[in-house]
file entry-v7.cif (mmCIF, C-alpha atoms and all ligand atoms)
data_my_file
#
loop_
_atom_site.label_atom_id
_atom_site.label_comp_id
_atom_site.auth_asym_id
_atom_site.auth_seq_id
_atom_site.Cartn_x
_atom_site.Cartn_y
_atom_site.Cartn_z
CA MET A 156 -46.92 1.52 50.06
CA LYS A 157 -50.23 1.19 48.27
CA TYR A 158 -52.89 2.66 50.57
CA CYS A 159 -53.16 6.08 52.16
CA SER A 160 -52.28 6.15 55.86
CA GLU A 161 -54.83 8.98 56.37
CA CYS A 162 -57.90 7.69 54.61
CA GLY A 163 -57.07 4.15 53.52
CA LYS A 164 -57.78 4.79 49.82
CA ARG A 165 -55.41 3.63 47.12
CA ILE A 166 -52.54 6.04 46.42
CA THR A 167 -51.24 6.81 42.94
CA GLU A 168 -48.20 8.30 41.32
CA LYS A 169 -48.71 11.78 39.93
CA GLU A 170 -46.57 14.61 38.66
CA ILE A 171 -46.56 17.51 41.10
CA GLU A 172 -44.44 20.64 40.46
CA GLY A 173 -42.55 18.72 37.80
CA LYS A 174 -41.70 15.77 40.04
CA ARG A 175 -43.22 12.33 40.38
CA ARG A 176 -44.85 11.89 43.77
CA LEU A 177 -47.09 9.39 45.47
CA VAL A 178 -50.41 11.09 46.27
CA CYS A 179 -53.74 10.19 47.63
CA LEU A 180 -56.21 11.67 45.17
CA HIS A 181 -58.94 11.19 47.73
CA CYS A 182 -57.64 13.30 50.65
CA GLY A 183 -54.75 15.04 48.92
CA LYS A 184 -51.92 13.74 51.11
CA ILE A 185 -48.57 13.81 49.37
CA TYR A 186 -46.07 11.13 50.30
CA TYR A 187 -42.53 12.40 50.12
CA GLN A 188 -40.08 9.67 49.46
CA ASN A 189 -36.42 9.46 48.51
CA PRO A 190 -35.29 7.61 45.39
CA PHE A 191 -33.84 4.15 46.00
CA PRO A 192 -30.13 3.59 45.44
CA THR A 193 -29.45 0.65 43.16
CA VAL A 194 -26.49 -0.82 41.28
CA ASP A 195 -26.25 -2.33 37.81
CA ILE A 196 -23.19 -4.16 36.59
CA ILE A 197 -21.80 -4.49 33.09
CA ILE A 198 -19.95 -7.81 33.40
CA GLU A 199 -17.35 -8.34 30.70
CA LYS A 200 -16.81 -12.03 30.05
CA GLY A 201 -15.06 -13.55 27.06
CA GLU A 202 -15.76 -11.20 24.17
CA GLY A 203 -19.15 -10.09 25.42
CA ILE A 204 -21.23 -8.88 28.33
CA VAL A 205 -23.64 -10.79 30.57
CA LEU A 206 -27.39 -10.15 30.32
CA ILE A 207 -30.26 -11.75 32.21
CA ASN A 208 -33.69 -12.53 30.81
CA ARG A 209 -36.01 -11.46 33.63
CA LYS A 210 -38.72 -13.69 35.08
CA ASN A 211 -40.48 -10.77 36.76
CA PRO A 212 -41.75 -7.43 35.43
CA PRO A 213 -40.39 -5.36 33.86
CA TYR A 214 -39.72 -8.26 31.50
CA GLY A 215 -36.91 -8.54 29.02
CA TRP A 216 -33.15 -8.70 28.97
CA ALA A 217 -31.35 -6.58 31.53
CA LEU A 218 -28.03 -6.05 33.24
CA PRO A 219 -27.57 -7.85 36.54
CA GLY A 220 -28.21 -5.52 39.47
CA GLY A 221 -30.49 -4.60 42.32
CA PHE A 222 -31.05 -2.60 45.47
CA VAL A 223 -28.30 -1.51 47.80
CA ASP A 224 -28.88 -2.95 51.26
CA TYR A 225 -28.70 -0.83 54.41
CA GLY A 226 -25.11 -0.96 55.73
CA GLU A 227 -23.63 -1.93 52.39
CA SER A 228 -21.35 0.07 50.10
CA LEU A 229 -22.15 0.38 46.40
CA GLU A 230 -19.17 -1.85 45.59
CA GLU A 231 -20.31 -4.50 48.05
CA ALA A 232 -23.81 -4.39 46.61
CA ALA A 233 -22.41 -4.78 43.08
CA LYS A 234 -20.30 -7.80 44.06
CA ARG A 235 -23.18 -9.41 45.93
CA GLU A 236 -25.67 -8.88 43.09
CA VAL A 237 -23.23 -10.32 40.56
CA LYS A 238 -22.69 -13.42 42.71
CA GLU A 239 -26.40 -13.89 43.41
CA GLU A 240 -27.59 -13.37 39.86
CA THR A 241 -24.78 -14.85 37.76
CA ASN A 242 -22.67 -16.99 40.14
CA LEU A 243 -19.63 -15.06 38.89
CA ASP A 244 -16.93 -13.33 40.89
CA ILE A 245 -16.28 -9.80 39.72
CA LYS A 246 -12.74 -8.47 39.29
CA GLU A 247 -11.49 -4.99 38.40
CA LEU A 248 -14.77 -3.43 39.53
CA LYS A 249 -14.98 0.21 38.39
CA GLN A 250 -17.71 2.84 38.60
CA PHE A 251 -18.90 3.66 35.09
CA CYS A 252 -21.67 6.26 35.44
CA VAL A 253 -24.77 7.15 37.46
CA TYR A 254 -28.29 7.06 35.99
CA SER A 255 -31.11 8.83 37.82
CA THR A 256 -33.87 9.72 35.35
CA PRO A 257 -37.24 9.25 37.11
CA GLY A 258 -39.04 6.48 35.28
CA ARG A 259 -35.85 4.58 34.41
CA ASP A 260 -37.46 1.86 36.47
CA PRO A 261 -41.24 1.77 35.84
CA ARG A 262 -41.91 0.60 39.41
CA PHE A 263 -40.10 3.20 41.50
CA HIS A 264 -37.64 6.04 41.20
CA THR A 265 -34.16 4.56 41.46
CA ILE A 266 -30.70 6.07 41.23
CA SER A 267 -28.37 3.48 39.83
CA THR A 268 -24.61 3.47 39.99
CA VAL A 269 -23.44 1.39 37.07
CA PHE A 270 -20.23 -0.60 37.42
CA THR A 271 -18.05 -2.45 34.96
CA GLY A 272 -15.89 -5.44 35.80
CA LYS A 273 -14.52 -8.73 34.59
CA GLY A 274 -16.60 -11.80 35.42
CA GLU A 275 -14.76 -14.92 36.55
CA GLY A 276 -16.09 -18.41 37.14
CA LYS A 277 -18.93 -20.45 35.74
CA LEU A 278 -22.01 -18.56 34.60
CA LYS A 279 -25.21 -19.80 36.19
CA ALA A 280 -28.63 -18.16 36.28
CA SER A 281 -30.40 -17.70 39.62
CA ASP A 282 -33.99 -18.83 40.19
CA ASP A 283 -35.11 -15.23 39.49
CA ALA A 284 -34.02 -15.45 35.86
CA LYS A 285 -35.42 -17.24 32.84
CA GLU A 286 -32.06 -17.26 31.09
CA ILE A 287 -28.57 -15.86 31.33
CA LYS A 288 -26.33 -15.31 28.35
CA ILE A 289 -23.19 -13.62 27.10
CA PHE A 290 -23.81 -11.21 24.23
CA LYS A 291 -21.26 -9.74 21.87
CA LYS A 292 -21.68 -6.04 21.06
CA ASP A 293 -23.61 -6.55 17.81
CA GLU A 294 -25.77 -9.35 19.24
CA VAL A 295 -27.20 -7.35 22.16
CA PRO A 296 -31.04 -7.34 21.93
CA SER A 297 -32.38 -4.00 20.71
CA VAL A 298 -35.11 -3.91 23.37
CA LEU A 299 -33.91 -4.05 26.95
CA ALA A 300 -35.67 -3.58 30.28
CA PHE A 301 -35.30 -0.35 32.29
CA ASP A 302 -32.93 2.21 30.70
CA HIS A 303 -30.36 -0.49 30.03
CA LYS A 304 -30.36 0.15 26.28
CA ARG A 305 -29.09 3.66 26.94
CA ILE A 306 -26.57 2.45 29.52
CA LEU A 307 -25.16 -0.06 27.05
CA GLU A 308 -25.03 2.53 24.25
CA ASP A 309 -23.02 4.81 26.54
CA TYR A 310 -20.80 1.91 27.51
CA PHE A 311 -20.10 0.77 23.96
CA ASN A 312 -19.44 4.38 22.90
CA SER A 313 -16.91 4.69 25.71
CA GLN A 314 -15.16 1.59 24.37
CA VAL A 315 -14.68 3.12 20.92
CA LYS A 316 -11.05 3.15 20.04
CA LYS A 317 -9.13 6.35 19.42
CA ILE A 318 -8.20 6.12 15.77
CA ALA A 319 -5.85 8.66 14.21
CA LEU A 320 -4.99 9.27 10.60
CA TYR A 321 -1.53 10.38 9.54
CA PRO A 322 -1.80 11.50 5.93
CA GLY A 323 1.04 12.31 3.58
CA SER A 324 2.84 11.60 0.34
CA PHE A 325 5.69 9.73 2.01
CA ASP A 326 7.72 9.96 -1.19
CA PRO A 327 9.73 8.47 0.48
CA ILE A 328 9.15 8.11 4.23
CA THR A 329 11.91 9.72 6.34
CA ASN A 330 13.09 9.22 9.90
CA GLY A 331 11.23 12.43 10.72
CA HIS A 332 7.94 10.79 9.65
CA LEU A 333 8.85 7.61 11.54
CA ASP A 334 9.51 9.65 14.68
CA VAL A 335 6.03 11.20 14.45
CA ILE A 336 4.42 7.79 13.78
CA LYS A 337 6.15 6.03 16.67
CA ARG A 338 5.19 8.79 19.09
CA SER A 339 1.59 8.85 17.90
CA LEU A 340 1.31 5.11 18.53
CA PHE A 341 1.61 5.90 22.26
CA LEU A 342 -1.25 8.39 22.06
CA PHE A 343 -3.81 6.47 20.00
CA ASP A 344 -5.24 2.97 19.92
CA LYS A 345 -4.69 2.78 16.19
CA VAL A 346 -2.86 4.92 13.65
CA ILE A 347 -3.73 4.72 9.98
CA ILE A 348 -1.04 5.95 7.63
CA GLY A 349 -2.85 7.37 4.63
CA VAL A 350 -0.57 7.41 1.60
CA SER A 351 -1.80 10.03 -0.87
CA ASP A 352 -2.57 8.55 -4.27
CA ASN A 353 -3.14 11.85 -6.06
CA PRO A 354 -3.03 11.15 -9.81
CA LEU A 355 -2.27 14.83 -10.52
CA LYS A 356 0.91 14.78 -8.48
CA LYS A 357 4.18 13.43 -9.76
CA PHE A 358 5.86 11.04 -7.34
CA LEU A 359 9.28 9.41 -7.48
CA PHE A 360 7.93 6.18 -6.01
CA THR A 361 4.64 4.64 -7.12
CA THR A 362 1.85 4.34 -4.55
CA LYS A 363 2.49 0.60 -4.29
CA GLU A 364 6.22 1.19 -3.70
CA ARG A 365 5.60 3.88 -1.08
CA ILE A 366 3.28 1.53 0.83
CA GLU A 367 5.77 -1.37 0.62
CA ILE A 368 8.55 0.86 1.94
CA ILE A 369 6.50 2.09 4.91
CA LYS A 370 5.41 -1.46 5.76
CA GLU A 371 9.04 -2.55 5.74
CA ALA A 372 10.11 0.42 7.88
CA LEU A 373 7.36 -0.26 10.42
CA ARG A 374 7.77 -3.99 10.59
CA GLY A 375 7.07 -5.29 14.10
CA PHE A 376 4.69 -2.47 15.02
CA SER A 377 1.11 -3.49 15.67
CA ASN A 378 -1.82 -1.02 15.87
CA VAL A 379 -0.70 0.66 12.67
CA GLU A 380 -2.31 0.30 9.23
CA ILE A 381 -0.89 1.51 5.95
CA GLU A 382 -3.01 2.16 2.89
CA SER A 383 -3.48 4.58 0.02
CA PHE A 384 -6.28 7.08 -0.34
CA ARG A 385 -7.70 9.38 -3.00
CA GLY A 386 -10.00 12.35 -2.70
CA LEU A 387 -10.73 14.64 0.20
CA LEU A 388 -8.84 13.88 3.37
CA VAL A 389 -11.83 14.59 5.62
CA ASP A 390 -14.03 12.14 3.69
CA TYR A 391 -11.37 9.49 3.98
CA ALA A 392 -11.03 10.12 7.73
CA ARG A 393 -14.79 9.83 8.16
CA ARG A 394 -14.87 6.57 6.21
CA ARG A 395 -12.17 5.10 8.40
CA ARG A 396 -13.80 6.46 11.60
CA ALA A 397 -10.65 8.39 12.43
CA ARG A 398 -11.45 11.30 14.74
CA PHE A 399 -7.90 12.62 14.83
CA LEU A 400 -5.55 13.87 12.16
CA ILE A 401 -1.87 13.78 12.96
CA ARG A 402 0.45 16.38 11.50
CA GLY A 403 4.14 16.79 12.15
CA LEU A 404 5.51 20.28 12.69
CA ARG A 405 9.14 20.79 11.85
CA ALA A 406 9.53 24.53 12.11
CA ILE A 407 7.55 27.69 12.74
CA SER A 408 7.29 28.06 8.98
CA ASP A 409 5.16 24.89 8.83
CA PHE A 410 2.71 26.39 11.24
CA GLU A 411 0.92 28.92 9.07
CA TYR A 412 0.15 26.45 6.33
CA GLU A 413 -1.00 23.83 8.85
CA PHE A 414 -3.18 26.38 10.58
CA GLN A 415 -4.96 27.16 7.31
CA MET A 416 -5.39 23.48 6.51
CA ASP A 417 -6.83 22.80 9.94
CA LEU A 418 -9.37 25.60 9.64
CA MET A 419 -10.41 24.29 6.23
CA ASN A 420 -10.70 20.69 7.46
CA ARG A 421 -12.76 21.84 10.40
CA LYS A 422 -15.09 23.66 8.08
CA LEU A 423 -15.52 20.44 6.09
CA ASN A 424 -15.83 18.14 9.08
CA SER A 425 -16.12 19.62 12.56
CA GLN A 426 -15.82 16.20 14.20
CA ILE A 427 -12.16 15.89 13.33
CA GLU A 428 -9.48 17.15 15.66
CA THR A 429 -5.99 17.81 14.35
CA VAL A 430 -3.12 16.87 16.62
CA TYR A 431 0.31 18.39 15.96
CA LEU A 432 3.45 16.63 17.01
CA MET A 433 6.70 18.52 17.02
CA THR A 434 9.32 16.61 15.09
CA ASP A 435 12.42 15.71 17.07
CA GLN A 436 14.89 18.58 16.74
CA LYS A 437 17.40 16.40 14.90
CA TYR A 438 14.89 15.95 12.07
CA SER A 439 13.64 19.55 11.95
CA TYR A 440 15.35 20.28 8.60
CA LEU A 441 14.42 16.93 7.10
CA SER A 442 11.95 16.47 4.26
CA SER A 443 11.32 13.89 1.55
CA SER A 444 12.39 16.37 -1.14
CA ILE A 445 15.70 17.16 0.56
CA VAL A 446 16.39 13.44 0.94
CA LYS A 447 15.69 12.86 -2.76
CA GLU A 448 17.91 15.75 -3.78
CA ILE A 449 20.83 14.53 -1.68
CA ALA A 450 20.42 10.97 -2.91
CA GLN A 451 20.24 12.07 -6.52
CA LEU A 452 23.46 14.03 -6.14
CA GLY A 453 25.11 10.95 -4.64
CA GLY A 454 25.23 12.31 -1.06
CA CYS A 455 24.93 10.22 2.08
CA ILE A 456 21.46 9.91 3.58
CA LYS A 457 22.31 7.45 6.32
CA GLY A 458 20.49 8.29 9.54
CA LEU A 459 17.96 10.44 7.72
CA VAL A 460 15.84 7.60 6.38
CA PRO A 461 15.21 3.95 7.26
CA ASP A 462 17.60 1.45 5.64
CA VAL A 463 14.95 0.28 3.20
CA VAL A 464 14.60 3.82 1.81
CA GLU A 465 18.34 4.22 1.42
CA LYS A 466 18.42 1.00 -0.61
CA ARG A 467 15.36 1.85 -2.71
CA LEU A 468 16.60 5.37 -3.47
CA SER A 469 19.98 4.20 -4.70
CA GLU A 470 18.27 1.61 -6.90
CA LYS A 471 15.89 4.24 -8.25
CA PHE A 472 18.61 6.72 -9.18
CA LYS A 473 20.84 4.00 -10.65
CA ASN A 474 18.00 3.14 -13.05
CA ILE A 475 17.29 6.76 -13.89
CA SER A 476 20.87 7.84 -14.61
ZN ZN B 501 -55.90 9.69 51.63
#
call {"tool": "encode", "arguments": {"input": "entry-v7.cif", "output": "structure tokens", "more": "lines below"}}
Ligand SMILES: [Zn+2]
result
Amino acid sequence: MKYCSECGKRITEKEIEGKRRLVCLHCGKIYYQNPFPTVDIIIEKGEGIVLINRKNPPYGWALPGGFVDYGESLEEAAKREVKEETNLDIKELKQFCVYSTPGRDPRFHTISTVFTGKGEGKLKASDDAKEIKIFKKDEVPSVLAFDHKRILEDYFNSQVKKIALYPGSFDPITNGHLDVIKRSLFLFDKVIIGVSDNPLKKFLFTTKERIEIIKEALRGFSNVEIESFRGLLVDYARRRRARFLIRGLRAISDFEYEFQMDLMNRKLNSQIETVYLMTDQKYSYLSSSIVKEIAQLGGCIKGLVPDVVEKRLSEKFKNIS
């Protein structure tokens, strides 16, 4: 609607009582109108997402999408728009989020339900588009039409993997540690095992040896990384983009110390969350120092440590004695 139904003069958009309205500045008539429901679809294809270079204003790259037709569900509209604009079929369609900020579309107030889904078939631009392309995350143009830059930022943030850091001396790794690691692999996308390389501390195994042993003990596990670190734990976690610290709790007596450490870490970096896993009861008495003591005295440590540790410990103490 462009002209006033009362006086025939051109109507304009104006902010009234904090809201954008269509008004006739000539006779003062206010046109109340509902926002338009629309859909936008983040189509995952290959290793990227599909964007369209628009032929009509607002110009620029944008997500495929459009108006919901009368009698159509949001899902149906999303599927139809994807087919019309990209020639793809959409699978695993899921609602991602709703965007409603007035002005998100410079032409009219729209409320868009954004979907994600997997695109299947051969990509082909419609006549409405200049170009259609698949973009990887770091290739996405920095200027996008509508509020699609924000939508994609939210989307990529939601895709960020949950990375956890399990720090320790692991001198040597025990079955208690392994139990905590294996369980944490179910909870996180990736677990980094940070082997402390503190030059002030005396270790039985060198840093290199401790890493080798853990790698051997965790052979066959993916989504786990093993490396050494020096310096403040929270700095290391930040560097590796780990938002979670994993700590194993063996007994109530561990708790007080861990509680203090957590408060201190939080003071240093409030973005890090510490997650405590209770060690399996059968390992509750187990520690690297106890294992070393038993091994040094010639006791049996079978079942307490992985085979590789048993072997390495007996070699170590044979050389020492
Ligand atoms: Zn008027």
call {"tool": "residues_around", "arguments": {"input": "entry-v7.cif", "residues": "Glu413 of chain A", "least_positions_apart": "6", "cutoff": "12 Å", "atoms": "only C-alpha atoms", "output": "MDAnalysis selection string"}}
result
chainID A and resid 400:407 419:420 429:432
call {"tool": "closest_residue", "arguments": {"input": "entry-v7.cif", "among": "A:Ser160, A:Ser443, A:Ser469, A:Asn312", "to": "ligand ZN 501 (chain B)", "atoms": "all atoms listed in the file"}}
result
A:Ser160
call {"tool": "closest_residue", "arguments": {"input": "entry-v7.cif", "among": "A:Phe325, A:Tyr438, A:Phe290, A:Phe414", "to": "Ala372 of chain A", "atoms": "all atoms listed in the file"}}
result
A:Phe325
call {"tool": "residues_near_ligand", "arguments": {"input": "entry-v7.cif", "ligand": "ligand ZN 501 (chain B)", "cutoff": "8 Å", "atoms": "only C-alpha atoms and all ligand atoms", "output": "PyMOL selection string"}}
result
chain A and resi 158-166+178-184
call {"tool": "residues_around", "arguments": {"input": "entry-v7.cif", "residues": "Arg209 of chain A", "least_positions_apart": "6", "cutoff": "12 Å", "atoms": "all atoms listed in the file", "output": "PyMOL selection string"}}
result
chain A and resi 215-220+240+280-288+299-301
call {"tool": "atom_distance", "arguments": {"input": "entry-v7.cif", "atom1": "atom CA of Lys200 of chain A", "atom2": "atom CA of Glu227 of chain A"}}
result
25.4 Å
call {"tool": "residues_around", "arguments": {"input": "entry-v7.cif", "residues": "segment 194-199 of chain A", "least_positions_apart": "2", "cutoff": "8 Å", "atoms": "all atoms listed in the file", "output": "list in words"}}
result
Pro192, Gly201, Glu202, Gly203, Ile204, Val205, Leu218, Pro219, Gly220, Gly221, Phe222, Val223, Leu229, Ala232, Ala233, Val237, Ile245, Ser267, Thr268, Val269, Phe270, Thr271, Gly272, Lys273 and Gly274 of chain A
call {"tool": "residues_around", "arguments": {"input": "entry-v7.cif", "residues": "segment 328-343 of chain A", "least_positions_apart": "2", "cutoff": "7 Å", "atoms": "all atoms listed in the file", "output": "number ranges by chain"}}
result
A: 317-319, 325-326, 345-346, 369, 403, 432, 434, 438, 441, 443, 459-461
call {"tool": "atom_distance", "arguments": {"input": "entry-v7.cif", "atom1": "atom CA of Gly386 of chain A", "atom2": "atom CA of Leu320 of chain A"}}
result
14.5 Å
call {"tool": "atom_distance", "arguments": {"input": "entry-v7.cif", "atom1": "atom CA of Asp344 of chain A", "atom2": "atom CA of Glu367 of chain A"}}
result
22.6 Å
